[in-house]
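Comments concern the structure below.
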Amino acid sequence: MNATAVMVRGPQQLEQPERSQLPAQPEQPPDSTPPQHLRALQRANQIRLARAEIKRRIAVGELSVVDVLLSAAEEIETMEIAELLTSQRRWGHTRARRFLAAIPLTESKTIGSMTERQLGTLASMLAAATQRAPRALQAQAAQVAA
């Protein structure tokens, strides 16, 4: 039947199958594992929460970025290096970009894709940069950590 025939005859009600006529959906047993997409969502949420905790601890001064880089934690492998650097106090996008340009690394480089040499260079430069910080900032960081 073509479209003009439908318009001439007018709208017809289509029969909806009753629920008893629909094929039954297989139910999962209660002890089975959740589907793959739900497991992926759970894992992504765990990683987000772990990263947020790491960034909070860096901002407060409980952790240093050098320690996080050298720990090789699974949660930070896909994290961009600029995101980790900017979680430090008084580090913005401009300071992180200038710091990474000296190595040279791009801001979007993920931590997991960095070579051992790049990680070592970055860690040593960060350690040197934090030692050059003014004494007042170091004292303030020590008070916050205590």
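Here's how to read the names in the structure tokens: chain A, B, ... by the order shown, residue numbers from 1 in each chain, ligand numbers from 1 in the order shown.
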Handout entry: Residues near Val65 in chain A, cut-off 12 Å, only C-alpha atoms, skip fewer than 5 positions along chain, as a ChimeraX atom specification
Key = /A:54-60,70-72,76,81-89,91,111,119,122-127,129-130
Problem - DSSP helix (DSSP H, G or I) residues within range 53-103 of chain A, listed as a ChimeraX atom specification - result: /A:53-60,65-71,74-76,81-85,93-101
Write the residues of the preceding selection, restricted to N, CA and C atoms, as a short mmCIF file (atom, residue, chain, number, x, y, z; two decimals), in the first residue's frame.
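Just written: selection-v3.cif:
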```
data_model
loop_
_atom_site.label_atom_id
_atom_site.label_comp_id
_atom_site.auth_asym_id
_atom_site.auth_seq_id
_atom_site.Cartn_x
_atom_site.Cartn_y
_atom_site.Cartn_z
N GLU A 53 40.43 12.09 44.40
CA GLU A 53 41.09 11.98 45.70
C GLU A 53 42.58 12.33 45.58
N ILE A 54 43.23 11.84 44.54
CA ILE A 54 44.64 12.14 44.33
C ILE A 54 44.84 13.64 44.13
N LYS A 55 44.01 14.25 43.30
CA LYS A 55 44.14 15.68 43.05
C LYS A 55 43.84 16.49 44.31
N ARG A 56 42.89 16.05 45.11
CA ARG A 56 42.59 16.76 46.37
C ARG A 56 43.78 16.68 47.31
N ARG A 57 44.38 15.50 47.42
CA ARG A 57 45.53 15.33 48.31
C ARG A 57 46.75 16.12 47.83
N ILE A 58 46.91 16.27 46.53
CA ILE A 58 48.00 17.09 45.99
C ILE A 58 47.73 18.55 46.33
N ALA A 59 46.50 19.01 46.15
CA ALA A 59 46.16 20.40 46.42
C ALA A 59 46.37 20.77 47.87
N VAL A 60 46.09 19.84 48.77
CA VAL A 60 46.25 20.08 50.20
C VAL A 60 47.71 20.01 50.61
N VAL A 65 53.38 15.68 43.39
CA VAL A 65 53.18 15.19 42.03
C VAL A 65 54.27 14.20 41.67
N VAL A 66 55.46 14.42 42.18
CA VAL A 66 56.58 13.50 41.92
C VAL A 66 56.26 12.10 42.45
N ASP A 67 55.72 12.04 43.66
CA ASP A 67 55.35 10.74 44.24
C ASP A 67 54.28 10.05 43.40
N VAL A 68 53.32 10.82 42.93
CA VAL A 68 52.23 10.25 42.12
C VAL A 68 52.78 9.74 40.80
N LEU A 69 53.65 10.52 40.17
CA LEU A 69 54.23 10.09 38.89
C LEU A 69 55.04 8.82 39.04
N LEU A 70 55.82 8.73 40.08
CA LEU A 70 56.69 7.57 40.26
C LEU A 70 55.96 6.35 40.81
N SER A 71 54.75 6.55 41.32
CA SER A 71 53.99 5.42 41.88
C SER A 71 53.45 4.50 40.81
N GLU A 74 47.55 2.70 38.59
CA GLU A 74 46.72 2.37 37.43
C GLU A 74 45.70 3.47 37.13
N GLU A 75 45.23 4.16 38.15
CA GLU A 75 44.19 5.17 37.98
C GLU A 75 44.68 6.39 37.20
N ILE A 76 45.98 6.67 37.22
CA ILE A 76 46.47 7.88 36.57
C ILE A 76 47.06 7.63 35.19
N ILE A 81 49.01 14.89 31.65
CA ILE A 81 50.02 15.44 32.55
C ILE A 81 49.66 16.85 33.00
N ALA A 82 49.07 17.65 32.13
CA ALA A 82 48.68 19.02 32.51
C ALA A 82 47.63 19.01 33.61
N GLU A 83 46.72 18.04 33.58
CA GLU A 83 45.69 17.93 34.61
C GLU A 83 46.32 17.65 35.97
N LEU A 84 47.34 16.82 35.98
CA LEU A 84 48.02 16.51 37.23
C LEU A 84 48.81 17.71 37.73
N LEU A 85 49.50 18.40 36.83
CA LEU A 85 50.29 19.57 37.23
C LEU A 85 49.41 20.69 37.77
N HIS A 93 47.18 26.74 33.97
CA HIS A 93 47.45 26.20 32.63
C HIS A 93 48.71 26.82 32.02
N THR A 94 48.89 28.12 32.23
CA THR A 94 50.05 28.79 31.65
C THR A 94 51.34 28.27 32.26
N ARG A 95 51.39 28.15 33.56
CA ARG A 95 52.60 27.65 34.21
C ARG A 95 52.89 26.21 33.81
N ALA A 96 51.86 25.38 33.73
CA ALA A 96 52.05 23.99 33.32
C ALA A 96 52.54 23.91 31.88
N ARG A 97 51.97 24.73 30.99
CA ARG A 97 52.38 24.72 29.59
C ARG A 97 53.84 25.15 29.44
N ARG A 98 54.23 26.19 30.15
CA ARG A 98 55.62 26.65 30.09
C ARG A 98 56.57 25.61 30.66
N PHE A 99 56.16 24.99 31.73
CA PHE A 99 57.01 23.97 32.36
C PHE A 99 57.20 22.78 31.42
N LEU A 100 56.13 22.34 30.79
CA LEU A 100 56.21 21.19 29.88
C LEU A 100 56.93 21.53 28.58
N ALA A 101 56.92 22.79 28.18
CA ALA A 101 57.63 23.19 26.96
C ALA A 101 59.14 23.06 27.14
#
```
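If you look at CA of Arg48 in chain A and CA of Thr78 in chain A, they are 10.9 Å away from each other.
For the choices A:Ala52, A:Ala44, A:Ala128, A:Met79, the atom-to-atom distance to Glu107 in chain A is smallest for A:Met79 when using only C-alpha atoms.
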